[in-house]
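**Q** Below you'll find protein_4.txt; it's compact mmCIF, C-alpha atoms.
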# COMPACT_ATOMS: atom_id res chain seq x y z
CA MET A 1 17.97 -8.41 -8.41
CA LYS A 2 16.88 -5.34 -6.39
CA PHE A 3 13.28 -6.57 -6.37
CA LYS A 4 14.39 -9.91 -4.94
CA VAL A 5 16.27 -8.02 -2.21
CA LEU A 6 13.11 -5.99 -1.50
CA THR A 7 11.16 -9.27 -1.28
CA VAL A 8 13.33 -10.73 1.50
CA ALA A 9 14.29 -7.48 3.27
CA PRO A 10 11.11 -7.25 5.42
CA TRP A 11 11.67 -10.84 6.64
CA ILE A 12 15.27 -10.02 7.54
CA VAL A 13 14.14 -6.91 9.45
CA ALA A 14 11.47 -8.93 11.30
CA CYS A 15 13.91 -11.76 12.15
CA VAL A 16 16.60 -9.33 13.39
CA LEU A 17 14.03 -7.56 15.59
CA LEU A 18 12.71 -10.82 17.04
CA ALA A 19 16.23 -12.22 17.59
CA ALA A 20 17.24 -9.01 19.40
CA ALA A 21 14.12 -9.21 21.58
CA ALA A 22 14.64 -12.92 22.31
CA LEU A 23 18.28 -12.33 23.35
CA THR A 24 17.27 -9.48 25.67
CA PRO A 25 16.35 -10.23 29.32
CA SER A 26 12.56 -10.33 29.66
CA THR A 27 12.63 -7.25 31.92
CA ASP A 28 14.01 -5.11 29.06
CA ARG A 29 12.25 -6.86 26.16
CA ALA A 30 9.43 -4.32 25.94
CA VAL A 31 11.98 -1.55 25.34
CA VAL A 32 13.61 -3.48 22.46
CA LEU A 33 10.21 -4.19 20.90
CA ARG A 34 9.22 -0.53 21.28
CA ILE A 35 12.42 0.63 19.57
CA GLY A 36 11.79 -1.92 16.80
CA SER A 37 8.20 -0.73 16.40
CA GLU A 38 9.28 2.89 15.99
CA GLY A 39 12.15 1.86 13.70
CA VAL A 40 9.94 0.01 11.22
CA LYS A 41 7.39 2.86 11.17
CA LEU A 42 10.26 5.25 10.41
CA LEU A 43 11.44 2.89 7.66
CA ALA A 44 7.97 2.90 6.08
CA LEU A 45 7.79 6.70 6.36
CA VAL A 46 11.16 7.10 4.61
CA GLY A 47 10.05 4.73 1.83
CA CYS A 48 6.76 6.56 1.27
CA VAL A 49 8.50 9.97 1.18
CA LEU A 50 11.10 8.70 -1.33
CA ALA A 51 8.34 7.24 -3.52
CA ALA A 52 6.25 10.44 -3.35
CA LEU A 53 9.29 12.53 -4.31
CA ALA A 54 9.87 10.34 -7.38
CA PHE A 55 6.64 11.77 -8.83
CA GLU A 56 5.76 15.32 -9.83
CA ARG A 57 3.18 17.56 -8.22
CA GLY A 58 -0.27 16.55 -9.44
CA ASP A 59 0.71 12.95 -10.25
CA TYR A 60 -1.82 10.39 -9.00
CA MET A 61 0.75 8.16 -7.29
CA ARG A 62 2.46 11.10 -5.56
CA ARG A 63 -0.77 11.69 -3.61
CA ALA A 64 -1.11 7.96 -2.81
CA TRP A 65 2.42 7.71 -1.40
CA ALA A 66 2.22 11.08 0.39
CA LEU A 67 -0.96 9.98 2.21
CA ASN A 68 0.56 6.65 3.23
CA GLY A 69 3.63 8.53 4.47
CA ALA A 70 1.41 11.00 6.37
CA CYS A 71 -0.10 8.06 8.24
CA PHE A 72 3.31 6.90 9.52
CA LEU A 73 4.41 10.48 10.32
CA LEU A 74 1.28 11.08 12.42
CA LEU A 75 1.63 7.72 14.21
CA LEU A 76 5.27 8.50 15.03
CA THR A 77 4.19 11.92 16.32
CA ARG A 78 1.60 10.21 18.54
CA ASP A 79 4.31 7.83 19.79
CA VAL A 80 6.43 10.81 20.85
CA THR A 81 3.63 11.72 23.31
CA LEU A 82 4.01 8.24 24.85
CA LEU A 83 7.70 8.71 25.72
CA PRO A 84 8.46 8.30 29.46
CA VAL A 85 9.92 11.85 29.59
CA ILE A 86 6.43 13.25 28.90
CA PRO A 87 4.29 12.85 32.02
CA PRO A 88 0.94 11.12 31.33
CA SER A 89 -1.86 13.66 31.29
CA THR A 90 -5.57 13.59 30.45
CA THR A 91 -5.04 16.58 28.16
CA LEU A 92 -2.88 14.39 25.92
CA VAL A 93 -5.68 11.88 25.27
CA PRO A 94 -7.67 14.01 22.78
CA ILE A 95 -4.43 14.99 21.01
CA GLN A 96 -3.43 11.33 20.71
CA GLY A 97 -6.95 10.48 19.54
CA ALA A 98 -6.86 13.19 16.88
CA LEU A 99 -3.41 12.09 15.64
CA VAL A 100 -4.43 8.42 15.34
CA THR A 101 -7.77 9.32 13.71
CA VAL A 102 -6.16 11.54 11.07
CA ALA A 103 -3.37 8.95 10.55
CA ASN A 104 -5.95 6.25 9.89
CA ALA A 105 -7.94 8.51 7.58
CA ALA A 106 -4.75 9.22 5.59
CA SER A 107 -3.96 5.51 5.43
CA VAL A 108 -7.47 4.63 4.25
CA TYR A 109 -7.41 7.32 1.54
CA GLY A 110 -3.87 6.40 0.45
CA THR A 111 -4.69 2.68 0.30
CA TRP A 112 -7.90 3.44 -1.59
CA LEU A 113 -5.88 5.39 -4.19
CA MET A 114 -3.55 2.37 -4.57
CA ALA A 115 -6.56 0.06 -4.86
CA ARG A 116 -8.33 2.11 -7.53
CA ALA A 117 -5.23 3.03 -9.60
CA PHE A 118 -6.23 0.53 -12.28
CA SER A 119 -9.72 1.97 -12.76
CA ALA A 120 -8.39 5.55 -12.40
CA SER A 121 -6.10 4.82 -15.34
CA GLY A 122 -9.12 3.96 -17.49
CA LEU A 123 -8.52 0.19 -17.46
CA GLU A 124 -10.67 -2.56 -16.04
CA LEU A 125 -9.32 -5.26 -13.75
CA PRO A 126 -9.39 -8.73 -15.30
CA GLY A 127 -12.34 -11.03 -14.69
CA SER A 128 -16.05 -10.37 -14.82
CA ALA A 129 -17.67 -7.66 -12.69
CA THR A 130 -19.37 -10.42 -10.63
CA HIS A 131 -16.02 -12.14 -10.04
CA ARG A 132 -14.38 -8.88 -8.92
CA ARG A 133 -17.31 -8.01 -6.65
CA THR A 134 -17.22 -11.50 -5.08
CA VAL A 135 -13.48 -11.30 -4.38
CA THR A 136 -13.89 -7.81 -2.87
CA LEU A 137 -16.86 -8.92 -0.74
CA VAL A 138 -14.89 -11.90 0.62
CA ALA A 139 -12.00 -9.55 1.57
CA VAL A 140 -14.44 -7.15 3.28
CA ILE A 141 -16.07 -10.01 5.25
CA ILE A 142 -12.65 -11.32 6.38
CA ALA A 143 -11.55 -7.80 7.40
CA ILE A 144 -14.77 -7.22 9.38
CA ALA A 145 -14.58 -10.68 10.99
CA ILE A 146 -11.03 -10.04 12.18
CA THR A 147 -11.46 -6.47 13.40
CA SER A 148 -15.01 -6.66 14.82
CA GLY A 149 -13.95 -8.33 18.11
CA PRO A 150 -11.48 -5.63 19.19
CA PHE A 151 -13.87 -2.94 17.85
CA VAL A 152 -16.74 -4.13 20.09
CA LEU A 153 -14.41 -4.26 23.13
CA ASP A 154 -13.11 -0.74 22.41
CA VAL A 155 -16.65 0.68 21.99
CA ARG A 156 -17.61 -0.93 25.31
CA ALA A 157 -14.53 0.61 26.96
CA LEU A 158 -15.45 4.04 25.55
CA PHE A 159 -19.00 3.83 26.91
CA GLY A 160 -17.54 2.56 30.17
CA GLY A 161 -15.76 5.88 30.59
CA ASP A 162 -12.35 5.12 29.03
CA ALA A 163 -11.80 8.16 26.80
CA GLY A 164 -8.53 6.66 25.57
CA ALA A 165 -10.52 3.95 23.77
CA ILE A 166 -11.30 6.50 21.05
CA VAL A 167 -7.72 5.99 19.81
CA ALA A 168 -8.25 2.24 19.48
CA ILE A 169 -11.67 2.74 17.81
CA ALA A 170 -10.15 5.04 15.17
CA SER A 171 -7.46 2.44 14.57
CA ASP A 172 -10.03 -0.40 14.32
CA LEU A 173 -12.13 1.52 11.78
CA GLY A 174 -9.04 2.46 9.77
CA ASP A 175 -7.95 -1.19 9.75
CA VAL A 176 -11.26 -2.57 8.52
CA LEU A 177 -11.44 -0.01 5.70
CA SER A 178 -7.80 -0.36 4.62
CA LEU A 179 -7.86 -4.16 4.80
CA SER A 180 -11.00 -4.24 2.65
CA PHE A 181 -8.83 -2.89 -0.16
CA ILE A 182 -6.59 -6.00 -0.21
CA ALA A 183 -8.66 -7.56 -3.01
CA PRO A 184 -8.33 -4.75 -5.60
CA VAL A 185 -4.64 -4.22 -4.70
CA LEU A 186 -3.95 -7.94 -5.17
CA LEU A 187 -5.98 -8.06 -8.41
CA THR A 188 -3.93 -5.11 -9.71
CA ALA A 189 -0.68 -6.96 -8.93
CA MET A 190 -1.99 -10.07 -10.69
CA ALA A 191 -3.14 -8.08 -13.72
CA MET A 192 0.38 -6.71 -14.08
CA ARG A 193 2.17 -10.06 -13.86
CA GLY A 194 5.21 -10.05 -16.11
CA GLY A 195 5.53 -6.25 -15.72
CA LEU A 196 7.67 -4.20 -13.34
CA LEU A 197 4.71 -2.56 -11.63
CA ARG A 198 3.54 -5.92 -10.27
CA TRP A 199 6.29 -5.58 -7.66
CA THR A 200 4.84 -2.35 -6.27
CA TRP A 201 1.29 -3.62 -5.97
CA GLY A 202 2.46 -7.11 -4.91
CA PHE A 203 4.57 -5.72 -2.06
CA PHE A 204 1.76 -3.37 -1.04
CA ALA A 205 -0.68 -6.32 -0.94
CA ALA A 206 1.86 -8.26 1.18
CA GLY A 207 2.00 -5.30 3.60
CA LEU A 208 -1.80 -5.18 3.88
CA PHE A 209 -1.90 -8.95 4.39
CA ALA A 210 0.63 -8.67 7.23
CA TRP A 211 -1.60 -6.00 8.87
CA LEU A 212 -4.57 -8.34 8.47
CA VAL A 213 -2.71 -11.16 10.27
CA TYR A 214 -1.52 -8.61 12.87
CA ASP A 215 -5.14 -7.72 13.64
CA ALA A 216 -6.06 -11.41 13.76
CA THR A 217 -3.47 -12.17 16.45
CA ALA A 218 -5.50 -10.66 19.33
CA PRO A 219 -8.62 -12.82 18.89
CA LEU A 220 -6.51 -15.90 18.00
CA ALA A 221 -4.28 -15.43 21.08
CA SER A 222 -7.31 -15.63 23.38
CA VAL A 223 -8.51 -18.80 21.62
CA PHE A 224 -5.10 -20.52 21.84
CA SER A 225 -4.20 -19.09 25.29
CA VAL A 226 -0.98 -17.44 24.11
CA ASP A 227 0.82 -15.55 26.89
CA GLN A 228 1.22 -11.77 26.60
CA GLY A 229 5.02 -11.91 26.09
CA THR A 230 4.76 -14.27 23.13
CA LEU A 231 1.84 -12.31 21.68
CA ASP A 232 3.87 -9.07 21.83
CA MET A 233 6.75 -10.76 19.97
CA ILE A 234 4.43 -12.14 17.26
CA ARG A 235 2.67 -8.79 16.83
CA GLU A 236 5.92 -6.81 16.56
CA GLY A 237 7.25 -9.33 14.02
CA LEU A 238 4.09 -8.84 11.95
CA ARG A 239 4.31 -5.05 12.29
CA ALA A 240 7.89 -5.24 10.99
CA LEU A 241 6.69 -7.31 8.01
CA ALA A 242 3.79 -4.93 7.27
CA CYS A 243 5.89 -1.76 7.48
CA GLY A 244 8.77 -3.52 5.69
CA TYR A 245 6.57 -4.45 2.72
CA ILE A 246 5.14 -0.91 2.49
CA PHE A 247 8.79 0.25 2.39
CA SER A 248 9.56 -2.35 -0.32
CA ALA A 249 6.50 -1.30 -2.38
CA ALA A 250 7.51 2.36 -2.15
CA LEU A 251 11.16 1.73 -3.04
CA ALA A 252 10.19 -0.59 -5.92
CA HIS A 253 7.93 2.13 -7.33
CA ARG A 254 10.67 4.74 -7.02
CA ALA A 255 13.16 2.43 -8.75
CA ILE A 256 10.70 1.73 -11.61
CA VAL A 257 9.95 5.42 -12.15
CA LYS A 258 13.52 6.67 -11.81
CA ASP A 259 15.36 3.98 -13.84
CA VAL B 260 6.79 -4.34 -25.71
CA ARG B 261 7.72 -1.08 -23.97
CA LEU B 262 4.32 -0.90 -22.29
CA ALA B 263 4.61 -4.57 -21.33
CA VAL B 264 7.83 -3.81 -19.42
CA TYR B 265 5.74 -1.78 -16.97
CA LEU B 266 2.23 -3.25 -17.21
CA GLY B 267 2.95 -6.86 -18.12
CA PRO B 268 2.09 -8.37 -21.52
CA HIS B 269 -1.59 -9.02 -20.77
CA THR B 270 -2.45 -5.55 -19.45
CA ALA B 271 -0.31 -3.86 -22.14
CA ARG B 272 -2.34 -5.65 -24.85
CA VAL B 273 -5.63 -4.81 -23.11
CA ALA B 274 -4.55 -1.15 -22.72
CA VAL B 275 -3.72 -0.74 -26.43
CA GLY B 276 -7.02 -2.41 -27.39
CA THR B 277 -9.08 -0.37 -24.91
CA PHE B 278 -7.61 3.00 -25.86
CA ALA B 279 -7.65 2.26 -29.61
CA GLN B 280 -11.37 1.57 -29.20
CA LYS B 281 -11.88 4.76 -27.14
CA ALA B 282 -9.85 7.01 -29.50
CA PHE B 283 -10.86 5.60 -32.90
CA GLY B 284 -13.87 3.39 -32.23
CA ARG B 285 -12.07 0.39 -33.78
CA GLY B 286 -9.65 -2.37 -32.79
CA ALA B 287 -5.87 -1.98 -32.44
CA GLU B 288 -5.26 -4.30 -35.42
CA THR B 289 -6.88 -1.76 -37.75
CA LEU B 290 -4.58 1.11 -36.79
CA THR B 291 -2.03 2.56 -39.20
CA ARG B 292 1.13 4.59 -38.61
CA LYS B 293 -0.69 7.87 -38.94
CA ASP B 294 -2.96 6.84 -36.02
CA LEU B 295 0.03 6.46 -33.69
CA PRO B 296 0.25 10.05 -32.33
CA ALA B 297 -3.47 9.98 -31.43
CA LEU B 298 -3.06 6.53 -29.86
CA MET B 299 -0.16 7.86 -27.75
CA ASP B 300 -2.42 10.74 -26.63
CA ALA B 301 -5.07 8.22 -25.63
CA LEU B 302 -2.57 6.08 -23.70
CA ARG B 303 -1.00 9.08 -21.91
CA PRO B 304 -3.44 9.46 -18.93
CA MET B 305 -3.33 5.71 -18.26
CA LEU B 306 0.46 5.44 -18.20
CA ARG B 307 0.80 8.74 -16.31
CA THR B 308 -1.36 7.34 -13.51
CA PHE B 309 1.10 4.51 -12.89
CA VAL B 310 4.53 6.06 -13.54
CA GLY B 311 4.03 9.86 -13.43
CA ARG B 312 4.41 12.58 -16.03
CA GLU B 313 8.10 12.48 -16.98
CA PRO B 314 8.65 8.69 -17.36
CA CYS B 315 5.31 8.51 -19.19
CA GLU B 316 6.49 11.02 -21.82
CA ILE B 317 9.84 9.20 -22.19
CA VAL B 318 8.09 5.85 -22.79
CA LEU B 319 5.53 7.27 -25.24
CA GLN B 320 8.24 9.13 -27.22
CA ALA B 321 10.30 5.93 -27.40
CA ILE B 322 7.30 3.92 -28.63
CA LEU B 323 6.53 6.57 -31.25
CA ARG B 324 10.16 6.64 -32.44
CA GLU B 325 10.38 2.87 -32.70
CA LEU B 326 7.11 2.46 -34.59
CA GLN B 327 7.67 5.34 -37.00
Could the structure of this file be written out as C-alpha cells, please?
**A**
Amino acid sequence: MKFKVLTVAPWIVACVLLAAAALTPSTDRAVVLRIGSEGVKLLALVGCVLAALAFERGDYMRRAWALNGACFLLLLTRDVTLLPVIPPSTTLVPIQGALVTVANAASVYGTWLMARAFSASGLELPGSATHRRTVTLVAVIIAIAITSGPFVLDVRALFGGDAGAIVAIASDLGDVLSLSFIAPVLLTAMAMRGGLLRWTWGFFAAGLFAWLVYDATAPLASVFSVDQGTLDMIREGLRALACGYIFSAALAHRAIVKD
Amino acid sequence: VRLAVYLGPHTARVAVGTFAQKAFGRGAETLTRKDLPALMDALRPMLRTFVGREPCEIVLQAILRELQ
C-alpha cells in the first residue's frame, strides 16, 4: 500500500504545484514556482537524510543516500544566495559556482553508487555483457544529445565573458553524467522485479528519467516555439516529479530496511 | 524465499547460485545443511550492500534458523 502511495505522491505534488501556479495571477506566478522549486528540493533532501539515517556508518547505501542528500543541501544553500534580501554581487558568483559544482559532483557520485550497487554486491546484472553495454551506450548517447545544446551555449557564454555561466556548465556536466546512469539503475530495478528493493531502484530511475525530460524541455521548447511562461510551468512540474521520485525512492528504501 | 522478498525470485536464485559457486566451487543444489553457515557468510556482503548491516544479520539468522 505505502509503495503505491509513493508511486502517485510525486504526481500529486507536481499537480498541486502547477494548479497553484495556474491559479495565481501571472505577475506573481514566478514567486509560486520558486517556492515550489525550493519545496520539492527540501522534500528530496529530507527523504535522502531519512534514508541515510536508516543505515549504519560504513554501509554502502548510507554513502549513496548521503551524497544525494548533499547535492540537494548544497543547491538549497546556493538558492539562499539568490534571495532578494541579498543584494546581487560579483563576489557571490564564484561561491554560487562552487556550490553548484560540488552539488553536481555529489549527485554524480551518489547516482553512480546507486547504479553500481548490483555489481558492488558481487552480482551481475541480467543479460549478456554486450546487451548491458548496448543499453548503457544508448542511455549515454541520449543524455549527451539532450544536454549538449545547453552545454555549448553555456561554454560560449563563459568565453563571451559571462562568469556566471560556470554554474550552468557545472550543472550541464553533472546532468550528462548522472543521466548516463539511468540504464544500470533501471536494469537493477528490473533484475529485482518481484522483490521489495525494486521499488527503490524503480523510483530512483523514474526520478532520473524526469530530470532527463526536464533537460530536454529547453531544446524542445525552441523547436515548438513554446512561450517562456508555459516552459517555466512545464519545467517546474518536471522538477517536482524528479525530486518527488528521489524522495519516494529514499522513503521506500528506509521502509524496506526498517520494517 | 526470504531473500526473494528483498531481491525478487530471479535475483535471489542467482545470488544463491553465484555465492555457492564462489564459496564451495559447486552448485547450490549440491549443498547440505552443514554448508549453510558458510553460505550465509558468502551471502552477507551482497545482502549488506542492499539493506545494511543490521537487517542483513536479521535476515541471514532467520534463513539459518528456518533451514536448520
**Q** Quick check, in Å to one decimal: how far apart do CA of Ala157 (chain A) and CA of Val93 (chain A) lie?
**A**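 We find that CA of Ala157 (chain A) and CA of Val93 (chain A) lie 14.4 Å from each other.
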**Q** Kindly give the distance, in Å, that separates CA of Asp172 (chain A) and CA of Leu75 (chain A), rounded to a single decimal.
**A**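 CA of Asp172 (chain A) sits 14.2 Å away from CA of Leu75 (chain A).
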**Q** Neighbours of Gln327 (chain B) within 12 Å (all atoms listed in the file; same-chain residues fewer than 6 positions away dropped), as a ChimeraX atom specification?
**A** /B:291-296,320-321
**Q** Can I get the selection written as a tab-separated table (two decimals), in the coordinates of the input, with C-alpha atoms?
**A**
chain	number	residue	atom	x	y	z
B	291	THR	CA	-2.03	2.56	-39.20
B	292	ARG	CA	1.13	4.59	-38.61
B	293	LYS	CA	-0.69	7.87	-38.94
B	294	ASP	CA	-2.96	6.84	-36.02
B	295	LEU	CA	0.03	6.46	-33.69
B	296	PRO	CA	0.25	10.05	-32.33
B	320	GLN	CA	8.24	9.13	-27.22
B	321	ALA	CA	10.30	5.93	-27.40
**Q** Up to 10 Å from chain A, what residues of chain B turn up? Count all atoms listed in the file and give them as an mmCIF file with C-alpha atoms, keeping the file's coordinate frame.
**A**
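So out.cif came out as:
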data_model
loop_
_atom_site.group_PDB
_atom_site.id
_atom_site.type_symbol
_atom_site.label_atom_id
_atom_site.label_comp_id
_atom_site.auth_asym_id
_atom_site.auth_seq_id
_atom_site.Cartn_x
_atom_site.Cartn_y
_atom_site.Cartn_z
ATOM 1 C CA ARG B 261 7.720 -1.080 -23.970
ATOM 2 C CA LEU B 262 4.320 -0.900 -22.290
ATOM 3 C CA ALA B 263 4.610 -4.570 -21.330
ATOM 4 C CA VAL B 264 7.830 -3.810 -19.420
ATOM 5 C CA TYR B 265 5.740 -1.780 -16.970
ATOM 6 C CA LEU B 266 2.230 -3.250 -17.210
ATOM 7 C CA GLY B 267 2.950 -6.860 -18.120
ATOM 8 C CA PRO B 268 2.090 -8.370 -21.520
ATOM 9 C CA HIS B 269 -1.590 -9.020 -20.770
ATOM 10 C CA THR B 270 -2.450 -5.550 -19.450
ATOM 11 C CA ALA B 271 -0.310 -3.860 -22.140
ATOM 12 C CA VAL B 273 -5.630 -4.810 -23.110
ATOM 13 C CA ALA B 274 -4.550 -1.150 -22.720
ATOM 14 C CA THR B 277 -9.080 -0.370 -24.910
ATOM 15 C CA PHE B 278 -7.610 3.000 -25.860
ATOM 16 C CA LEU B 302 -2.570 6.080 -23.700
ATOM 17 C CA ARG B 303 -1.000 9.080 -21.910
ATOM 18 C CA PRO B 304 -3.440 9.460 -18.930
ATOM 19 C CA MET B 305 -3.330 5.710 -18.260
ATOM 20 C CA LEU B 306 0.460 5.440 -18.200
ATOM 21 C CA ARG B 307 0.800 8.740 -16.310
ATOM 22 C CA THR B 308 -1.360 7.340 -13.510
ATOM 23 C CA PHE B 309 1.100 4.510 -12.890
ATOM 24 C CA VAL B 310 4.530 6.060 -13.540
ATOM 25 C CA GLY B 311 4.030 9.860 -13.430
ATOM 26 C CA ARG B 312 4.410 12.580 -16.030
ATOM 27 C CA GLU B 313 8.100 12.480 -16.980
ATOM 28 C CA PRO B 314 8.650 8.690 -17.360
ATOM 29 C CA CYS B 315 5.310 8.510 -19.190
#
**Q** Go ahead and compute the interatomic distance for CA of Gly174 (chain A) and CA of Gln228 (chain A), in Å to one decimal.
**A**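 Atom-to-atom, CA of Gly174 (chain A) and CA of Gln228 (chain A) are spaced 24.3 Å apart.
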**Q** Just want the 10 Å neighbourhood of Gly39 (chain A), counted on all atoms listed in the file, with same-chain residues fewer than 3 positions away dropped. Output as a ChimeraX atom specification.
**A** /A:13,17,33-36,42-45,76,240,243
**Q** Go ahead and fit an axis-aligned box to every listed atom of region 287-301 of chain B plus 8 Å each side, and pass me the centre and edge lengths in Å, one decimal, as JSON.
**A**
{"center_x": -2.9, "center_y": 3.2, "center_z": -32.4, "size_x": 24.0, "size_y": 31.0, "size_z": 29.6}
**Q** For a quick check of understanding, using only C-alpha atoms, which of B:Leu326, B:Leu319, B:Ala282, B:Ala287 has the smallest distance to Ala301 (chain B)?
**A**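 Among the listed residues, B:Ala282 lies closest to Ala301 (chain B).
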**Q** Using only C-alpha atoms, which protein or nucleic acid residues come within 10 Å of Ile234 (chain A)? Drop anything in the same chain fewer than 5 positions from it, and give the result as a list in words.
**A**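 Selected residues are Ala14, Leu18, Tyr214, Thr217, Gln228, Gly229, Arg239 and Ala240 of chain A.
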**Q** Name the closest residue to Leu153 (chain A) among the candidates A:Ala168, A:Ser225, A:Ala139, A:Thr101; distances are taken between atoms, counting all atoms listed in the file.
**A** A:Ala168
